[in-house]
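Text of the file input26.cif, holding mmCIF, C-alpha atoms and all ligand atoms:
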data_structure
#
loop_
_atom_site.label_atom_id
_atom_site.label_comp_id
_atom_site.auth_asym_id
_atom_site.auth_seq_id
_atom_site.Cartn_x
_atom_site.Cartn_y
_atom_site.Cartn_z
CA MET A 1 -21.80 0.18 -16.38
CA PRO A 2 -18.10 1.21 -16.08
CA ASP A 3 -15.59 -1.31 -17.42
CA LEU A 4 -13.47 -2.63 -14.54
CA SER A 5 -11.12 -4.68 -16.70
CA THR A 6 -7.49 -3.64 -16.52
CA SER A 7 -4.00 -4.76 -17.39
CA THR A 8 -0.72 -4.65 -15.49
CA GLY A 9 2.32 -5.23 -17.68
CA GLY A 10 0.23 -7.16 -20.19
CA ILE A 11 -1.50 -9.32 -17.55
CA HIS A 12 -5.22 -8.82 -18.21
CA SER A 13 -7.71 -8.98 -15.38
CA PRO A 14 -11.52 -8.67 -15.28
CA ASN A 15 -11.19 -6.22 -12.38
CA PRO A 16 -8.28 -4.55 -10.56
CA PHE A 17 -8.63 -6.58 -7.33
CA TRP A 18 -5.96 -9.24 -6.86
CA LEU A 19 -5.13 -11.39 -3.87
CA ALA A 20 -1.58 -10.61 -2.77
CA SER A 21 0.90 -13.45 -2.43
CA ALA A 22 0.21 -14.56 1.15
CA PRO A 23 -1.92 -17.06 3.14
CA PRO A 24 -5.19 -16.21 1.27
CA ALA A 25 -3.45 -17.31 -1.97
CA ASN A 26 -1.85 -20.42 -0.55
CA SER A 27 -3.73 -23.19 -2.36
CA GLY A 28 -5.91 -23.97 -5.34
CA LEU A 29 -9.14 -24.45 -3.40
CA GLN A 30 -8.66 -21.09 -1.68
CA ILE A 31 -7.98 -19.21 -4.89
CA GLN A 32 -10.91 -20.89 -6.61
CA ARG A 33 -13.20 -19.73 -3.78
CA ALA A 34 -11.70 -16.23 -4.10
CA PHE A 35 -12.41 -16.12 -7.85
CA GLU A 36 -15.95 -17.28 -7.18
CA ALA A 37 -16.30 -14.44 -4.68
CA GLY A 38 -15.26 -11.94 -7.37
CA TRP A 39 -11.49 -11.41 -7.08
CA GLY A 40 -10.06 -10.53 -10.49
CA GLY A 41 -6.66 -12.18 -10.12
CA ALA A 42 -4.38 -13.83 -7.58
CA VAL A 43 -0.67 -13.83 -6.88
CA TRP A 44 0.11 -17.35 -5.69
CA LYS A 45 1.90 -17.70 -2.34
CA THR A 46 5.63 -17.55 -3.13
CA LEU A 47 7.15 -20.80 -4.46
CA GLY A 48 10.83 -21.51 -3.97
CA VAL A 49 13.41 -23.27 -1.88
CA PRO A 50 11.92 -25.68 0.72
CA ILE A 51 11.36 -24.02 4.08
CA GLN A 52 9.81 -24.77 7.43
CA ASN A 53 7.66 -22.18 9.21
CA VAL A 54 7.64 -21.39 12.94
CA SER A 55 4.73 -21.31 15.36
CA SER A 56 3.41 -18.78 16.28
CA ARG A 57 4.00 -16.44 13.37
CA PHE A 58 1.46 -13.57 13.29
CA GLY A 59 1.16 -10.51 15.47
CA GLY A 60 -1.70 -8.00 15.70
CA HIS A 61 -1.38 -4.30 16.43
CA THR A 62 -4.47 -2.91 18.18
CA ILE A 63 -4.60 0.84 17.63
CA ARG A 64 -7.09 2.70 19.84
CA GLY A 65 -9.27 -0.38 20.14
CA VAL A 66 -9.17 -1.44 16.49
CA GLN A 67 -7.83 -5.00 16.39
CA GLY A 68 -5.54 -5.78 13.48
CA ALA A 69 -5.20 -2.12 12.45
CA GLY A 70 -1.59 -3.15 11.95
CA PHE A 71 -0.45 -6.74 11.41
CA SER A 72 2.86 -8.53 11.29
CA ASN A 73 4.19 -11.91 10.34
CA ILE A 74 7.35 -13.94 10.51
CA GLU A 75 6.08 -16.46 7.97
CA LEU A 76 8.30 -17.45 5.06
CA ILE A 77 7.34 -18.60 1.56
CA THR A 78 5.12 -21.63 0.86
CA ASP A 79 5.71 -24.67 3.03
CA ARG A 80 3.66 -26.88 0.69
CA THR A 81 5.28 -29.15 -1.88
CA LEU A 82 6.11 -27.74 -5.31
CA GLU A 83 4.22 -30.62 -6.92
CA ALA A 84 1.01 -29.78 -5.04
CA ASN A 85 1.29 -26.10 -5.87
CA LEU A 86 1.94 -26.70 -9.57
CA ARG A 87 -0.90 -29.22 -9.84
CA GLU A 88 -3.31 -26.77 -8.19
CA ILE A 89 -2.17 -23.86 -10.37
CA ALA A 90 -3.01 -25.93 -13.46
CA GLU A 91 -6.35 -27.01 -12.03
CA THR A 92 -7.33 -23.46 -11.00
CA LYS A 93 -6.32 -22.10 -14.39
CA ARG A 94 -8.48 -24.73 -16.09
CA LEU A 95 -11.49 -23.84 -13.94
CA PHE A 96 -11.02 -20.04 -14.14
CA PRO A 97 -9.35 -19.29 -17.49
CA LYS A 98 -10.26 -15.56 -17.41
CA ASN A 99 -8.75 -14.83 -14.00
CA PRO A 100 -5.00 -14.24 -14.11
CA ILE A 101 -2.79 -16.33 -11.87
CA ILE A 102 0.51 -14.65 -11.20
CA VAL A 103 3.01 -16.99 -9.60
CA SER A 104 5.31 -15.45 -7.01
CA LEU A 105 8.80 -16.89 -7.00
CA MET A 106 11.95 -16.70 -4.89
CA GLU A 107 15.03 -18.73 -5.78
CA GLU A 108 18.78 -18.65 -5.35
CA THR A 109 20.82 -19.53 -8.44
CA GLU A 110 20.24 -18.75 -12.10
CA ALA A 111 19.62 -22.43 -12.82
CA SER A 112 17.06 -22.77 -10.03
CA TRP A 113 15.26 -19.60 -11.18
CA ARG A 114 15.20 -21.01 -14.72
CA ASP A 115 13.73 -24.35 -13.64
CA LEU A 116 11.07 -22.87 -11.38
CA ILE A 117 10.05 -20.33 -14.04
CA LYS A 118 9.61 -23.09 -16.61
CA GLN A 119 7.59 -25.25 -14.21
CA SER A 120 5.34 -22.30 -13.25
CA ILE A 121 4.67 -21.35 -16.85
CA ASP A 122 4.05 -24.96 -17.84
CA ALA A 123 1.48 -25.12 -15.03
CA GLY A 124 -0.35 -22.13 -16.53
CA ALA A 125 1.01 -18.96 -14.89
CA ASP A 126 -0.21 -15.81 -16.68
CA GLY A 127 2.61 -13.82 -15.14
CA LEU A 128 5.43 -14.06 -12.61
CA GLU A 129 6.09 -11.89 -9.59
CA LEU A 130 9.64 -11.95 -8.27
CA ASN A 131 9.57 -11.72 -4.49
CA PHE A 132 12.44 -9.35 -3.65
CA GLY A 133 10.72 -8.17 -0.50
CA CYS A 134 10.44 -10.67 2.36
CA PRO A 135 12.19 -8.89 5.29
CA HIS A 136 12.77 -11.92 7.55
CA GLY A 137 14.11 -15.44 7.27
CA MET A 138 14.73 -15.40 3.53
CA CYS A 139 16.87 -12.23 3.50
CA GLU A 140 19.36 -13.84 5.90
CA ARG A 141 19.80 -16.48 3.17
CA GLY A 142 20.52 -13.83 0.52
CA MET A 143 16.99 -13.74 -0.92
CA GLY A 144 13.88 -11.55 -0.44
CA SER A 145 14.67 -8.02 0.72
CA ALA A 146 18.41 -8.78 0.54
CA VAL A 147 17.89 -8.72 -3.24
CA GLY A 148 15.37 -5.89 -3.21
CA GLN A 149 17.74 -3.61 -1.31
CA GLU A 150 20.55 -3.94 -3.86
CA PRO A 151 19.66 -2.45 -7.26
CA ALA A 152 22.47 -4.28 -9.08
CA ILE A 153 21.34 -7.69 -7.78
CA ASN A 154 17.68 -6.84 -8.41
CA GLU A 155 18.54 -5.97 -12.01
CA ARG A 156 20.62 -9.11 -12.51
CA ILE A 157 18.02 -11.55 -11.17
CA THR A 158 15.21 -9.75 -12.99
CA SER A 159 17.14 -10.12 -16.24
CA TRP A 160 17.55 -13.87 -15.60
CA ALA A 161 13.80 -14.20 -15.05
CA VAL A 162 12.99 -12.16 -18.14
CA LYS A 163 15.40 -14.28 -20.17
CA TYR A 164 13.67 -17.54 -19.18
CA SER A 165 10.07 -16.33 -19.06
CA THR A 166 7.51 -16.33 -21.84
CA VAL A 167 4.96 -14.47 -19.67
CA PRO A 168 5.21 -10.95 -18.19
CA VAL A 169 7.54 -10.54 -15.20
CA LEU A 170 6.61 -8.20 -12.35
CA VAL A 171 9.09 -7.35 -9.60
CA LYS A 172 7.73 -7.03 -6.06
CA LEU A 173 9.68 -4.32 -4.28
CA THR A 174 10.58 -4.01 -0.62
CA PRO A 175 9.68 -0.83 1.29
CA ASN A 176 12.75 -1.34 3.49
CA VAL A 177 14.79 1.21 1.56
CA SER A 178 15.18 4.97 1.91
CA ASP A 179 14.16 5.79 -1.68
CA ILE A 180 12.10 3.38 -3.78
CA VAL A 181 12.93 4.98 -7.13
CA PRO A 182 16.39 3.41 -7.79
CA HIS A 183 14.89 0.00 -7.03
CA GLY A 184 12.02 0.45 -9.47
CA LEU A 185 14.48 1.66 -12.11
CA ALA A 186 16.67 -1.41 -11.51
CA ALA A 187 13.68 -3.69 -12.15
CA LYS A 188 12.99 -1.77 -15.34
CA ARG A 189 16.59 -2.11 -16.51
CA GLY A 190 16.32 -5.85 -15.86
CA GLY A 191 13.38 -5.99 -18.27
CA ALA A 192 10.41 -6.24 -15.87
CA LYS A 193 7.01 -5.41 -17.38
CA GLY A 194 5.80 -3.87 -14.11
CA VAL A 195 6.34 -3.66 -10.37
CA SER A 196 4.27 -4.58 -7.31
CA LEU A 197 4.67 -2.69 -4.05
CA ILE A 198 4.85 -2.76 -1.13
CA ASN A 199 5.93 -5.93 0.57
CA THR A 200 6.01 -5.82 4.38
CA ILE A 201 7.94 -3.34 6.54
CA LYS A 202 10.64 -4.66 8.86
CA SER A 203 9.30 -4.23 12.36
CA ILE A 204 8.73 -5.50 15.89
CA ILE A 205 4.98 -5.59 16.48
CA GLY A 206 5.15 -5.42 20.28
CA VAL A 207 6.63 -6.78 23.48
CA ASP A 208 4.94 -8.88 26.17
CA ILE A 209 5.74 -6.60 29.11
CA ASP A 210 5.26 -9.38 31.69
CA THR A 211 7.44 -12.06 30.09
CA PHE A 212 9.84 -9.59 28.43
CA VAL A 213 9.58 -11.38 25.06
CA PRO A 214 8.83 -9.50 21.82
CA GLN A 215 5.91 -10.75 19.70
CA PRO A 216 5.00 -13.04 18.03
CA VAL A 217 6.40 -15.55 20.51
CA VAL A 218 8.25 -18.68 19.39
CA ARG A 219 8.73 -20.54 22.69
CA ASN A 220 10.56 -17.78 24.60
CA GLN A 221 12.07 -15.87 21.69
CA SER A 222 10.95 -13.71 18.79
CA THR A 223 12.41 -11.92 15.79
CA ASN A 224 11.68 -8.93 13.60
CA GLY A 225 8.80 -9.44 11.21
CA GLY A 226 7.02 -7.73 8.34
CA TYR A 227 4.40 -5.04 9.10
CA CYS A 228 1.30 -4.65 6.93
CA GLY A 229 -2.43 -3.99 7.16
CA ALA A 230 -4.39 -0.74 7.31
CA ALA A 231 -1.66 1.12 9.21
CA VAL A 232 0.87 0.89 6.36
CA LYS A 233 -1.33 2.46 3.66
CA PRO A 234 0.23 5.96 3.83
CA ILE A 235 3.73 4.51 3.38
CA ALA A 236 2.60 2.36 0.47
CA LEU A 237 0.76 5.24 -1.21
CA HIS A 238 3.86 7.38 -1.06
CA MET A 239 6.07 4.71 -2.58
CA VAL A 240 3.60 3.99 -5.38
CA ALA A 241 3.34 7.71 -6.14
CA ALA A 242 7.12 8.20 -6.01
CA LEU A 243 7.51 5.69 -8.83
CA ALA A 244 4.44 6.82 -10.77
CA ARG A 245 5.72 10.42 -10.97
CA GLU A 246 9.30 9.45 -11.86
CA LYS A 247 9.69 10.41 -15.51
CA ASP A 248 12.29 7.69 -16.26
CA PHE A 249 10.11 4.92 -14.84
CA GLY A 250 6.84 4.55 -16.74
CA LEU A 251 6.09 0.89 -15.92
CA PRO A 252 2.67 -0.29 -14.70
CA ILE A 253 2.28 -0.64 -10.93
CA SER A 254 0.32 -3.14 -8.87
CA GLY A 255 -0.33 -1.26 -5.62
CA ILE A 256 -0.29 -3.10 -2.28
CA GLY A 257 -0.34 -2.14 1.38
CA GLY A 258 -3.19 -1.49 3.80
CA ILE A 259 -6.04 -1.71 1.29
CA THR A 260 -9.22 -2.43 3.25
CA ASN A 261 -12.03 -1.07 1.06
CA TRP A 262 -12.90 0.45 -2.34
CA ARG A 263 -11.82 3.94 -1.26
CA ASP A 264 -8.30 2.73 -0.49
CA ALA A 265 -8.22 1.01 -3.87
CA VAL A 266 -9.30 4.20 -5.64
CA GLU A 267 -6.53 6.15 -3.89
CA PHE A 268 -3.93 3.64 -5.08
CA ILE A 269 -5.28 3.83 -8.63
CA LEU A 270 -5.34 7.65 -8.62
CA LEU A 271 -1.68 7.58 -7.54
CA GLY A 272 -0.65 5.31 -10.38
CA SER A 273 -1.69 1.68 -9.78
CA SER A 274 -3.41 -0.30 -12.50
CA THR A 275 -4.25 -3.19 -10.16
CA VAL A 276 -4.34 -3.46 -6.37
CA GLN A 277 -3.46 -6.41 -4.16
CA VAL A 278 -4.88 -7.24 -0.75
CA CYS A 279 -3.57 -9.57 1.95
CA THR A 280 -4.29 -8.55 5.56
CA GLU A 281 -7.88 -7.42 5.09
CA VAL A 282 -8.72 -10.76 3.48
CA MET A 283 -6.98 -12.57 6.34
CA LEU A 284 -9.12 -10.64 8.81
CA ARG A 285 -12.48 -10.63 7.00
CA GLY A 286 -12.47 -13.21 4.20
CA TYR A 287 -12.89 -13.19 0.42
CA PRO A 288 -16.43 -11.67 0.26
CA ILE A 289 -15.05 -8.15 1.00
CA VAL A 290 -14.28 -7.93 -2.71
CA GLN A 291 -17.95 -7.55 -3.61
CA ASP A 292 -18.18 -4.29 -1.70
CA MET A 293 -14.92 -3.17 -3.32
CA ILE A 294 -16.33 -3.84 -6.78
CA ASP A 295 -19.66 -2.12 -6.06
CA GLY A 296 -17.94 0.89 -4.47
CA LEU A 297 -15.47 1.28 -7.33
CA GLN A 298 -18.25 1.07 -9.93
CA GLN A 299 -20.34 3.65 -8.08
CA TYR A 300 -17.31 5.95 -7.75
CA MET A 301 -16.54 5.64 -11.47
CA ARG A 302 -20.13 6.49 -12.36
CA THR A 303 -20.10 9.53 -10.07
CA HIS A 304 -16.85 10.81 -11.60
CA HIS A 305 -17.73 9.85 -15.19
CA PHE A 306 -14.92 7.35 -15.65
CA SER A 307 -15.89 4.58 -18.04
CA ARG A 308 -12.58 2.67 -17.82
CA ILE A 309 -9.92 2.11 -15.15
CA ASP A 310 -7.12 3.51 -17.33
CA GLN A 311 -8.85 6.92 -17.24
CA MET A 312 -8.27 6.97 -13.46
CA ILE A 313 -4.70 5.70 -13.27
CA GLY A 314 -2.37 8.42 -11.96
CA LYS A 315 -5.08 11.11 -12.01
CA ALA A 316 -3.80 12.52 -8.68
CA ILE A 317 -0.14 12.56 -9.72
CA PRO A 318 -0.15 16.09 -11.25
CA ALA A 319 -1.34 17.44 -7.87
CA TYR A 320 1.61 15.85 -6.02
CA SER A 321 4.47 18.36 -6.00
CA GLU A 322 7.62 19.11 -4.06
CA TRP A 323 7.15 21.03 -0.81
CA GLY A 324 9.03 23.97 -2.29
CA ASP A 325 6.43 24.31 -5.07
CA LEU A 326 3.43 24.61 -2.73
CA ASP A 327 1.67 27.99 -2.59
CA MET A 328 2.99 29.75 0.53
CA ASN A 329 0.38 32.50 0.16
CA TYR A 330 -2.62 30.17 0.35
CA GLU A 331 -4.32 30.60 3.71
CA THR A 332 -7.06 28.70 5.53
CA VAL A 333 -8.68 29.19 8.93
CA ALA A 334 -10.82 26.85 10.99
CA LYS A 335 -14.56 27.51 11.37
CA ILE A 336 -16.79 25.77 13.90
CA ASN A 337 -20.38 25.02 12.97
CA ALA A 338 -22.12 26.02 16.21
CA ASP A 339 -25.20 23.96 15.32
CA LYS A 340 -23.14 20.76 15.13
CA CYS A 341 -20.69 21.42 17.99
CA ILE A 342 -21.32 19.17 21.01
CA GLY A 343 -19.10 21.31 23.25
CA CYS A 344 -16.66 18.51 24.02
CA GLN A 345 -13.68 20.93 24.11
CA VAL A 346 -11.41 18.36 22.45
CA CYS A 347 -10.37 20.98 19.87
CA VAL A 348 -9.54 23.45 22.65
CA ALA A 349 -7.16 21.01 24.34
CA ALA A 350 -5.52 20.00 21.06
CA CYS A 351 -5.07 23.56 19.84
CA HIS A 352 -3.77 24.82 23.19
CA ASP A 353 -1.26 22.06 23.84
CA GLY A 354 -0.54 20.70 20.39
CA ALA A 355 -0.89 23.63 18.01
CA HIS A 356 -1.15 27.43 18.04
CA GLN A 357 -3.39 28.42 20.97
CA CYS A 358 -6.11 30.05 18.88
CA ILE A 359 -9.21 28.08 20.01
CA HIS A 360 -10.60 29.31 23.33
CA PRO A 361 -13.41 28.35 25.69
CA GLN A 362 -16.19 30.94 25.80
CA GLU A 363 -18.23 32.03 28.77
CA GLY A 364 -21.92 31.24 28.57
CA THR A 365 -21.60 28.63 25.80
CA ARG A 366 -19.83 25.31 25.27
CA VAL A 367 -19.02 26.27 21.68
CA PRO A 368 -15.38 27.40 21.56
CA ARG A 369 -14.24 30.61 19.83
CA ILE A 370 -11.59 30.64 17.11
CA ASP A 371 -9.25 33.60 16.99
CA GLU A 372 -8.83 33.74 13.20
CA SER A 373 -6.04 36.29 13.38
CA GLU A 374 -3.93 33.64 15.17
CA CYS A 375 -5.20 30.50 13.36
CA VAL A 376 -2.51 29.09 11.05
CA GLY A 377 -4.91 26.65 9.34
CA CYS A 378 -3.00 23.57 10.54
CA ASN A 379 -6.08 21.20 10.54
CA LEU A 380 -5.45 19.71 14.01
CA CYS A 381 -8.84 20.79 15.40
CA GLN A 382 -10.62 19.24 12.42
CA ILE A 383 -8.69 16.01 12.84
CA VAL A 384 -9.57 15.61 16.54
CA CYS A 385 -13.21 16.79 16.29
CA PRO A 386 -15.49 13.75 16.79
CA VAL A 387 -18.41 15.28 14.86
CA PRO A 388 -18.31 15.01 11.05
CA ASP A 389 -18.35 18.38 9.26
CA CYS A 390 -18.44 20.34 12.51
CA ILE A 391 -15.06 22.00 11.95
CA SER A 392 -14.13 22.98 8.42
CA MET A 393 -11.06 24.64 7.00
CA VAL A 394 -12.07 27.64 4.94
CA SER A 395 -9.74 29.45 2.56
CA VAL A 396 -9.50 33.19 3.14
CA ASP A 397 -8.73 35.85 0.58
CA ASN A 398 -5.71 37.59 2.04
CA GLY A 399 -5.04 39.62 -1.09
CA GLN A 400 -1.77 37.74 -1.77
CA LYS A 401 -0.89 36.29 -5.16
CA PRO A 402 0.16 32.60 -5.34
CA ALA A 403 3.89 32.22 -4.61
CA SER A 404 5.98 29.18 -3.77
CA TRP A 405 9.06 28.96 -1.59
CA ASN A 406 11.05 28.19 -4.72
CA ASP A 407 9.69 31.39 -6.40
CA HIS A 408 10.60 33.29 -3.26
CA VAL A 409 14.16 31.96 -3.20
CA THR A 410 14.74 32.39 -6.93
CA HIS A 411 12.82 35.60 -7.69
CA GLY A 412 12.33 37.18 -4.26
CA THR A 413 8.51 36.84 -4.51
CA GLN A 414 6.67 38.33 -1.49
CA LEU A 415 5.30 35.83 1.04
CA ARG A 416 2.37 36.65 3.31
CA PRO A 417 3.27 37.62 6.89
CA LYS A 418 3.54 34.63 9.22
CA LYS A 419 0.82 33.99 11.81
CA GLY A 420 1.10 32.38 15.19
CA VAL A 421 4.75 33.34 15.70
CA HIS A 422 5.37 35.36 18.84
C1 LIG B 1 1.24 -13.78 6.77
C2 LIG B 1 1.78 -13.11 5.56
C3 LIG B 1 2.49 -13.85 4.64
C4 LIG B 1 3.01 -13.24 3.49
N1 LIG B 1 3.68 -14.00 2.58
C5 LIG B 1 4.15 -13.42 1.45
C6 LIG B 1 4.77 -14.20 0.45
O1 LIG B 1 4.89 -15.42 0.56
N2 LIG B 1 5.22 -13.57 -0.66
C7 LIG B 1 5.10 -12.22 -0.84
O2 LIG B 1 5.52 -11.68 -1.86
N3 LIG B 1 4.49 -11.46 0.10
C8 LIG B 1 4.01 -12.03 1.23
N4 LIG B 1 3.35 -11.26 2.16
C9 LIG B 1 3.20 -9.80 1.92
C10 LIG B 1 1.86 -9.49 1.27
O3 LIG B 1 1.74 -10.08 0.01
C11 LIG B 1 1.67 -7.94 1.11
O4 LIG B 1 2.69 -7.44 0.30
C12 LIG B 1 1.70 -7.20 2.44
O5 LIG B 1 1.06 -7.95 3.44
C13 LIG B 1 1.03 -5.83 2.33
O6 LIG B 1 -0.32 -5.93 1.98
P1 LIG B 1 -1.52 -5.82 3.07
O7 LIG B 1 -1.33 -4.54 3.83
O8 LIG B 1 -2.77 -5.87 2.26
O9 LIG B 1 -1.39 -7.01 3.97
C14 LIG B 1 2.82 -11.85 3.30
C15 LIG B 1 2.10 -11.12 4.24
C16 LIG B 1 1.57 -11.73 5.34
C17 LIG B 1 0.79 -10.91 6.33
#

Is it possible to express this structure as structure tokens?
Ligand SMILES: Cc1cc2nc3c(=O)[nH]c(=O)nc-3n(C[C@H](O)[C@H](O)[C@H](O)COP(=O)(O)O)c2cc1C
Amino acid sequence: MPDLSTSTGGIHSPNPFWLASAPPANSGLQIQRAFEAGWGGAVWKTLGVPIQNVSSRFGGHTIRGVQGAGFSNIELITDRTLEANLREIAETKRLFPKNPIIVSLMEETEASWRDLIKQSIDAGADGLELNFGCPHGMCERGMGSAVGQEPAINERITSWAVKYSTVPVLVKLTPNVSDIVPHGLAAKRGGAKGVSLINTIKSIIGVDIDTFVPQPVVRNQSTNGGYCGAAVKPIALHMVAALAREKDFGLPISGIGGITNWRDAVEFILLGSSTVQVCTEVMLRGYPIVQDMIDGLQQYMRTHHFSRIDQMIGKAIPAYSEWGDLDMNYETVAKINADKCIGCQVCVAACHDGAHQCIHPQEGTRVPRIDESECVGCNLCQIVCPVPDCISMVSVDNGQKPASWNDHVTHGTQLRPKKGVH
């Protein structure tokens, strides 16, 4: 059986699946139920300055009929008392000593960070996660993403936390920046043992077109919130990979953002995460989803002959290059499997109006014809085809040697003639 145990910045966990700091990690009884269900660790809902939340505070983004494909919130940090949270951290730690509890924190002054860090560690925290990511409510008060967007402030507050902490400090980064790398490097300079990313993306989830009020509605007003859930996975994957491939970085990463199943988790691990955190999918479907994640990950590891998680971490990073290093002479064309084609013509419409006009209806059959001499191998037909494995992209031997754009610019390497340009 593959070993699922893993470590992020010295925080050991029986498996890589952690609850992200959010409503599913809001109280001791919840986290205890989550550990019973199989979650490896939990990042406690952020503790900090007293706040009051608004009602309503969540918004759902239905994408082509899938409810909650994207999700948003205007919730702040915990609205429970510090005493209750600390008491429940201690109790949960006593009941589940092998499952790491990482306490998320957000404070204002050096003294208040120091006090909260001490109280959290005294309660039993195995690690701390500094919330430099909340993109609403807290940032207007100079916390959350206001810190995460300023590398110098990120570094300074991280160094305070590291100074006062006896357990590993992770920094949770905001995606609301143009380039994540300087922010990860700032956390490293501050002494963090790892980073977690992403927090939520600043957004407006929708507008009620009859009342003219954006969502979620608070009486007759709204505000920008934080976007998360399945829809944000590609953004999160990119940010995780950007840090994982940065040679000056080298810290462990806890990947977060749009993880809904074991496959998503594997992708995050292959791009550099040693643990993964989940919020929205647990909010939508409950703690038991972790069992399927564990089974799927174990099965995947067996299939690919991985016996430990660390053998998988960053395995896809060498295949992530700059655009200019891609092989310009590699060529694919689309092929339709006539036995599988249901003749829906969706690929014809997409290719004609959205791509390179190389898929054509044929007389006497509903199976379209691909003009390979015009096909640029863009993938659009495969993406829109409703039948699995009906359209495949097949590489063709065009007699050209591999050559990148950078080779071409520097050494004048020959590039294959362009197709589909009239
Ligand atoms: C309702 C809600 C509340 C959240 N509260 C916090 C929080 O208190 N602290 C924090 O660091 N992140 C918070 N987050 C962000 C999540 O921890 C996570 O980073 C984000 O939702 C992306 O993961 P997901 O796509 O799995 O939801 C919250 C997210 C949601 C949806």

Between atom CA of A:Phe249 and atom CA of A:Gln277, what is the spacing in Å?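 Atom CA of A:Phe249 lies at a distance of 20.7 Å from atom CA of A:Gln277.
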
Return as JSON the centre and edge lengths, in Å with one decimal, of the box along x, y and z that encloses every atom of ligand LIG 1 (chain B) in the file, padded by 6 Å per side.
{"center_x": 1.4, "center_y": -10.0, "center_z": 2.5, "size_x": 20.3, "size_y": 22.9, "size_z": 20.6}

Set the distance at 9 Å and use all atoms listed in the file: which residues neighbour A:Gly41 once local chain neighbours fewer than 5 positions away are removed? I'd like the list as an MDAnalysis selection string. chainID A and resid 12:19 31 34:35 98:102 277

Excluding A:Pro388 and any residue of its chain fewer than 4 positions from it, enumerate the residues within 12 Å of it, using only C-alpha atoms, and give them as number ranges by chain. A: 336-337, 340-342, 381-384, 392

Distance query A:Ser55 at most 9 Å, all atoms listed in the file, self and fewer than 5 positions along chain excluded, as a list in words: Glu75, Pro216, Val217, Val218 and Arg219 of chain A

Measuring atom to atom with all atoms listed in the file, identify which of A:Gly28, A:Gly194, A:Pro50, A:Gly144 is nearest to A:Leu95. A:Gly28

Can you tell me, as a VMD selection string, what residues are no more than 8 Å from A:Ile11 when counting all atoms listed in the file, ignoring any on the same chain fewer than 6 positions away? chain A and resid 100 126 to 127 168

Taking 3 positions as the minimum chain separation for residues in the same chain, which residues sit within 7 Å of stretch 358-366 of chain A when counting all atoms listed in the file? Answer as an MDAnalysis selection string. chainID A and resid 343 348 351 369:371 374:375

Selected residue, from A:Thr81, A:Asn154, A:Ser254, A:Ser274, that lies nearest to ligand LIG 1 (chain B) when counting all atoms listed in the file: A:Ser254

Figure out the distance between atom CA of A:Glu281 and atom CA of A:Thr260, please, to one decimal in Å.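 Computed distance, atom CA of A:Thr260 to atom CA of A:Glu281, equals 5.5 Å.
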
One decimal, Å: what's the distance from atom CA of A:Thr332 over to atom CA of A:Gln357, could you say? 15.9 Å

May I ask which of the residues A:Leu380, A:Ala242, A:Cys390, A:Ile198 is the closest one to A:Ile317, counting only C-alpha atoms? A:Ala242

Within 10 Å of (7.7, -1.1, 15.5), in the coordinates the file gives, what residues turn up when you count all atoms listed in the file, written out as a ChimeraX atom specification? /A:61,72,201-207,224-227

Calculated over all atoms listed in the file, which of the candidates A:Ser27, A:Gln67, A:Thr166, A:Thr280 has the smallest distance to ligand LIG 1 (chain B)?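 For ligand LIG 1 (chain B), the nearest of the candidates is A:Thr280.
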
Nearest candidate to ligand LIG 1 (chain B) (options A:Ser196, A:Ser159, A:Gln299, A:Gln345; using only C-alpha atoms and all ligand atoms): A:Ser196

Pick from A:Ala265, A:Ala111, A:Val147, A:Leu76, whichever lies nearest to A:Leu297 using all atoms listed in the file: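 Going through A:Ala265, A:Ala111, A:Val147, A:Leu76 one by one, the smallest distance to A:Leu297 is for A:Ala265.
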
Got a sec to check which residues sit within 12 Å of (15.6, 3.1, -0.7), counting only C-alpha atoms, and write them as a list of chain:residue names?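 Taken together, the residues in range are A:Ser145, A:Gly148, A:Gln149, A:Glu150, A:Pro151, A:Leu173, A:Thr174, A:Pro175, A:Asn176, A:Val177, A:Ser178, A:Asp179, A:Ile180, A:Val181, A:Pro182, A:His183, A:Gly184, A:Leu185, A:Ala186, A:Met239, A:Ala242, A:Leu243.
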